[in-house]
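The next block is upload25.tsv, given as TSV, N, CA and C atoms and all ligand atoms.
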```
chain	number	residue	atom	x	y	z
W	1	MET	N	102.21	79.12	114.87
W	1	MET	CA	101.19	80.05	115.40
W	1	MET	C	101.62	81.48	115.11
W	2	ASP	N	100.77	82.24	114.49
W	2	ASP	CA	101.09	83.63	114.20
W	2	ASP	C	101.09	84.45	115.47
W	3	LYS	N	102.07	85.32	115.56
W	3	LYS	CA	102.15	86.19	116.72
W	3	LYS	C	101.57	87.55	116.36
W	4	MET	N	100.58	87.98	117.12
W	4	MET	CA	99.95	89.28	116.87
W	4	MET	C	100.55	90.31	117.82
W	5	MET	N	100.99	91.41	117.27
W	5	MET	CA	101.52	92.49	118.08
W	5	MET	C	100.89	93.79	117.62
W	6	GLU	N	100.72	94.73	118.55
W	6	GLU	CA	100.12	96.02	118.19
W	6	GLU	C	101.14	96.92	117.51
W	7	SER	N	102.38	96.77	117.93
W	7	SER	CA	103.43	97.58	117.34
W	7	SER	C	104.75	96.84	117.46
W	8	ILE	N	105.72	97.31	116.72
W	8	ILE	CA	107.03	96.66	116.71
W	8	ILE	C	108.07	97.74	116.47
W	9	ARG	N	109.25	97.52	117.02
W	9	ARG	CA	110.31	98.51	116.81
W	9	ARG	C	111.12	98.14	115.57
W	10	ILE	N	111.16	99.06	114.63
W	10	ILE	CA	111.93	98.87	113.41
W	10	ILE	C	112.98	99.96	113.33
W	11	GLU	N	114.21	99.58	113.32
W	11	GLU	CA	115.33	100.52	113.32
W	11	GLU	C	115.16	101.60	114.39
W	12	GLY	N	114.75	101.18	115.57
W	12	GLY	CA	114.65	102.08	116.71
W	12	GLY	C	113.39	102.93	116.75
W	13	LYS	N	112.52	102.75	115.77
W	13	LYS	CA	111.28	103.52	115.70
W	13	LYS	C	110.09	102.61	115.95
W	14	GLU	N	109.17	103.06	116.79
W	14	GLU	CA	107.98	102.26	117.06
W	14	GLU	C	107.02	102.37	115.88
W	15	VAL	N	106.69	101.26	115.28
W	15	VAL	CA	105.80	101.24	114.12
W	15	VAL	C	104.52	100.52	114.50
W	16	GLU	N	103.38	101.18	114.30
W	16	GLU	CA	102.10	100.57	114.60
W	16	GLU	C	101.72	99.57	113.51
W	17	LEU	N	101.18	98.45	113.95
W	17	LEU	CA	100.81	97.40	112.99
W	17	LEU	C	99.30	97.37	112.82
W	18	GLN	N	98.90	97.00	111.63
W	18	GLN	CA	97.48	96.83	111.31
W	18	GLN	C	96.92	95.68	112.14
W	19	ALA	N	95.79	95.90	112.79
W	19	ALA	CA	95.19	94.85	113.62
W	19	ALA	C	94.83	93.64	112.76
W	20	GLY	N	95.12	92.46	113.28
W	20	GLY	CA	94.75	91.23	112.60
W	20	GLY	C	95.79	90.71	111.64
W	21	TYR	N	96.89	91.45	111.51
W	21	TYR	CA	97.94	90.99	110.61
W	21	TYR	C	99.20	90.64	111.43
W	22	PRO	N	99.68	89.44	111.29
W	22	PRO	CA	100.81	89.00	112.11
W	22	PRO	C	102.15	89.48	111.53
W	23	VAL	N	103.15	89.35	112.36
W	23	VAL	CA	104.53	89.53	111.90
W	23	VAL	C	105.09	88.13	111.65
W	24	ARG	N	105.57	87.90	110.45
W	24	ARG	CA	106.16	86.61	110.10
W	24	ARG	C	107.58	86.84	109.62
W	25	PHE	N	108.37	85.80	109.73
W	25	PHE	CA	109.75	85.89	109.23
W	25	PHE	C	110.01	84.77	108.25
W	26	SER	N	110.93	85.05	107.34
W	26	SER	CA	111.27	84.06	106.33
W	26	SER	C	112.76	84.13	106.02
W	27	CYS	N	113.33	82.99	105.71
W	27	CYS	CA	114.69	82.98	105.18
W	27	CYS	C	114.63	83.36	103.70
W	28	MET	N	115.75	83.61	103.08
W	28	MET	CA	115.75	84.01	101.67
W	28	MET	C	115.16	82.91	100.78
W	29	GLU	N	115.44	81.69	101.15
W	29	GLU	CA	115.01	80.56	100.34
W	29	GLU	C	113.49	80.45	100.24
W	30	HIS	N	112.80	80.79	101.33
W	30	HIS	CA	111.35	80.62	101.36
W	30	HIS	C	110.58	81.93	101.23
W	31	LEU	N	111.29	83.00	100.87
W	31	LEU	CA	110.64	84.32	100.85
W	31	LEU	C	109.47	84.36	99.87
W	32	GLU	N	109.68	83.82	98.68
W	32	GLU	CA	108.62	83.87	97.68
W	32	GLU	C	107.37	83.13	98.16
W	33	GLN	N	107.61	81.97	98.76
W	33	GLN	CA	106.51	81.17	99.30
W	33	GLN	C	105.78	81.91	100.42
W	34	GLU	N	106.54	82.56	101.28
W	34	GLU	CA	105.94	83.29	102.40
W	34	GLU	C	105.15	84.51	101.92
W	35	LEU	N	105.67	85.18	100.90
W	35	LEU	CA	104.93	86.31	100.32
W	35	LEU	C	103.59	85.82	99.77
W	36	ASP	N	103.64	84.71	99.05
W	36	ASP	CA	102.41	84.12	98.51
W	36	ASP	C	101.44	83.75	99.62
W	37	ASP	N	101.97	83.11	100.68
W	37	ASP	CA	101.12	82.69	101.80
W	37	ASP	C	100.47	83.89	102.48
W	38	TYR	N	101.25	84.95	102.65
W	38	TYR	CA	100.71	86.14	103.32
W	38	TYR	C	99.55	86.72	102.50
W	39	VAL	N	99.76	86.79	101.19
W	39	VAL	CA	98.71	87.30	100.32
W	39	VAL	C	97.48	86.40	100.36
W	40	ASN	N	97.73	85.07	100.33
W	40	ASN	CA	96.62	84.12	100.37
W	40	ASN	C	95.87	84.19	101.70
W	41	ASP	N	96.61	84.28	102.80
W	41	ASP	CA	95.99	84.24	104.13
W	41	ASP	C	95.28	85.55	104.48
W	42	PHE	N	95.82	86.67	104.02
W	42	PHE	CA	95.32	87.97	104.48
W	42	PHE	C	94.88	88.88	103.35
W	43	GLU	N	94.95	88.39	102.13
W	43	GLU	CA	94.48	89.14	100.96
W	43	GLU	C	95.10	90.53	100.87
W	44	THR	N	96.35	90.61	101.27
W	44	THR	CA	97.08	91.87	101.13
W	44	THR	C	98.56	91.56	101.04
W	45	ALA	N	99.26	92.37	100.27
W	45	ALA	CA	100.71	92.19	100.18
W	45	ALA	C	101.35	92.79	101.43
W	46	PRO	N	102.23	92.06	102.09
W	46	PRO	CA	102.85	92.57	103.31
W	46	PRO	C	103.94	93.59	103.00
W	47	ASP	N	104.23	94.43	104.01
W	47	ASP	CA	105.43	95.25	103.97
W	47	ASP	C	106.59	94.37	104.41
W	48	THR	N	107.74	94.54	103.80
W	48	THR	CA	108.88	93.70	104.15
W	48	THR	C	110.05	94.55	104.64
W	49	TYR	N	110.75	94.00	105.61
W	49	TYR	CA	111.95	94.64	106.16
W	49	TYR	C	113.01	93.57	106.39
W	50	PRO	N	114.27	93.99	106.39
W	50	PRO	CA	115.30	93.03	106.80
W	50	PRO	C	115.05	92.63	108.25
W	51	ALA	N	115.18	91.35	108.55
W	51	ALA	CA	114.90	90.87	109.90
W	51	ALA	C	115.76	91.60	110.92
W	52	GLN	N	116.98	91.96	110.53
W	52	GLN	CA	117.87	92.61	111.50
W	52	GLN	C	117.44	94.03	111.83
W	53	ALA	N	116.52	94.61	111.02
W	53	ALA	CA	116.01	95.95	111.33
W	53	ALA	C	114.97	95.90	112.44
W	54	ILE	N	114.46	94.70	112.73
W	54	ILE	CA	113.43	94.53	113.76
W	54	ILE	C	114.12	94.41	115.12
W	55	ASP	N	113.85	95.37	115.99
W	55	ASP	CA	114.53	95.40	117.28
W	55	ASP	C	113.88	94.51	118.33
W	56	ASP	N	112.61	94.20	118.11
W	56	ASP	CA	111.85	93.53	119.15
W	56	ASP	C	112.45	92.17	119.50
W	57	SER	N	113.04	92.09	120.68
W	57	SER	CA	113.69	90.84	121.08
W	57	SER	C	112.66	89.76	121.37
W	58	ALA	N	111.38	90.17	121.53
W	58	ALA	CA	110.33	89.20	121.79
W	58	ALA	C	109.91	88.48	120.51
W	59	ALA	N	110.27	89.06	119.36
W	59	ALA	CA	109.85	88.46	118.10
W	59	ALA	C	110.62	87.17	117.84
W	60	ASP	N	109.90	86.18	117.40
W	60	ASP	CA	110.53	84.91	117.01
W	60	ASP	C	110.93	85.04	115.55
W	61	LYS	N	112.22	85.20	115.32
W	61	LYS	CA	112.68	85.52	113.97
W	61	LYS	C	113.00	84.30	113.12
W	62	ARG	N	112.53	83.16	113.52
W	62	ARG	CA	112.80	81.97	112.70
W	62	ARG	C	111.87	81.93	111.49
W	63	CYS	N	112.39	81.38	110.41
W	63	CYS	CA	111.58	81.19	109.20
W	63	CYS	C	110.39	80.31	109.53
W	64	ARG	N	109.22	80.74	109.05
W	64	ARG	CA	107.99	80.03	109.34
W	64	ARG	C	107.97	78.65	108.66
W	65	VAL	N	108.70	78.53	107.57
W	65	VAL	CA	108.68	77.28	106.81
W	65	VAL	C	109.68	76.28	107.36
W	66	CYS	N	110.93	76.70	107.52
W	66	CYS	CA	111.98	75.73	107.82
W	66	CYS	C	112.60	75.91	109.21
W	67	GLY	N	112.31	77.01	109.90
W	67	GLY	CA	112.83	77.19	111.24
W	67	GLY	C	114.24	77.73	111.31
W	68	GLU	N	114.83	77.97	110.16
W	68	GLU	CA	116.16	78.59	110.12
W	68	GLU	C	116.02	80.08	110.49
W	69	PRO	N	117.11	80.74	110.86
W	69	PRO	CA	117.03	82.17	111.18
W	69	PRO	C	116.44	82.96	110.01
W	70	GLY	N	115.43	83.78	110.29
W	70	GLY	CA	114.77	84.54	109.24
W	70	GLY	C	115.61	85.72	108.79
W	71	GLN	N	115.52	86.03	107.51
W	71	GLN	CA	116.24	87.17	106.94
W	71	GLN	C	115.31	88.34	106.68
W	72	ILE	N	114.05	88.03	106.43
W	72	ILE	CA	113.09	89.05	106.03
W	72	ILE	C	111.87	89.00	106.96
W	73	ALA	N	111.42	90.18	107.39
W	73	ALA	CA	110.20	90.27	108.17
W	73	ALA	C	109.05	90.67	107.26
W	74	LEU	N	107.92	89.99	107.42
W	74	LEU	CA	106.72	90.32	106.68
W	74	LEU	C	105.69	90.81	107.68
W	75	LEU	N	105.16	91.99	107.45
W	75	LEU	CA	104.21	92.57	108.39
W	75	LEU	C	103.34	93.57	107.65
W	76	LYS	N	102.36	94.11	108.39
W	76	LYS	CA	101.46	95.07	107.76
W	76	LYS	C	101.41	96.32	108.62
W	77	GLU	N	101.97	97.39	108.10
W	77	GLU	CA	101.96	98.64	108.85
W	77	GLU	C	100.60	99.30	108.82
W	78	LYS	N	100.26	99.95	109.91
W	78	LYS	CA	98.99	100.67	109.98
W	78	LYS	C	98.99	101.82	108.99
W	79	GLY	N	97.90	101.93	108.26
W	79	GLY	CA	97.75	103.06	107.35
W	79	GLY	C	98.55	102.96	106.07
W	80	MET	N	99.10	101.77	105.82
W	80	MET	CA	99.85	101.60	104.58
W	80	MET	C	98.97	100.88	103.56
E	101	ZN	ZN	113.07	78.90	105.32
```

What does the file become when written as structure tokens?
Amino acid sequence: MDKMMESIRIEGKEVELQAGYPVRFSCMEHLEQELDDYVNDFETAPDTYPAQAIDDSAADKRCRVCGEPGQIALLKEKGM
């Protein structure tokens, strides 16, 4: 289930997210697949950050594909 958030803290800075675009996480192994899925699902290329840059402790940082700890966050910043 995609988690929708209005904003997320990235490296201590509050970043507003584009409405309707979820924050997803991926391990390195599944990154290419997740990038493809994001583009297919939302018709836009996501912004990517290292998962450890995401401060939000509420975020589920597991890889969407395999459930392993995610390395990369895929999200859509407002106005990007
Ligand atoms: Zn994975």

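Take the candidates W:Ala45, W:Val15, W:Leu75, W:Cys27 and check each one against Lys61 of chain W using only N, CA and C atoms; the shortest distance goes to W:Cys27.
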
Counting all atoms listed in the file, what are the residues, protein, DNA or RNA alike, that approach ligand ZN 101 (chain E) to within 6.5 Å? I want them as a PyMOL selection string.
chain W and resi 26-31+63-68

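Each of W:Arg24, W:Lys76, W:Ala59, W:Gly70 was compared to Asp47 of chain W using all atoms listed in the file, and W:Lys76 turns out to be the nearest.
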
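Near segment 17-23 of chain W, within 5 Å and counting all atoms listed in the file, sit Lys3, Met4, Glu6, Ser7, Val15, Phe25, Leu74, Leu75, Lys76, Glu77 and Lys78 of chain W; same-chain residues fewer than 2 positions away were not included.
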
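Atom pair atom CA of Ser57 of chain W / atom C of Asn40 of chain W: separated by 27.2 Å.
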
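Between atom CA of Met5 of chain W and atom CA of Gln33 of chain W there is a distance of 22.5 Å.
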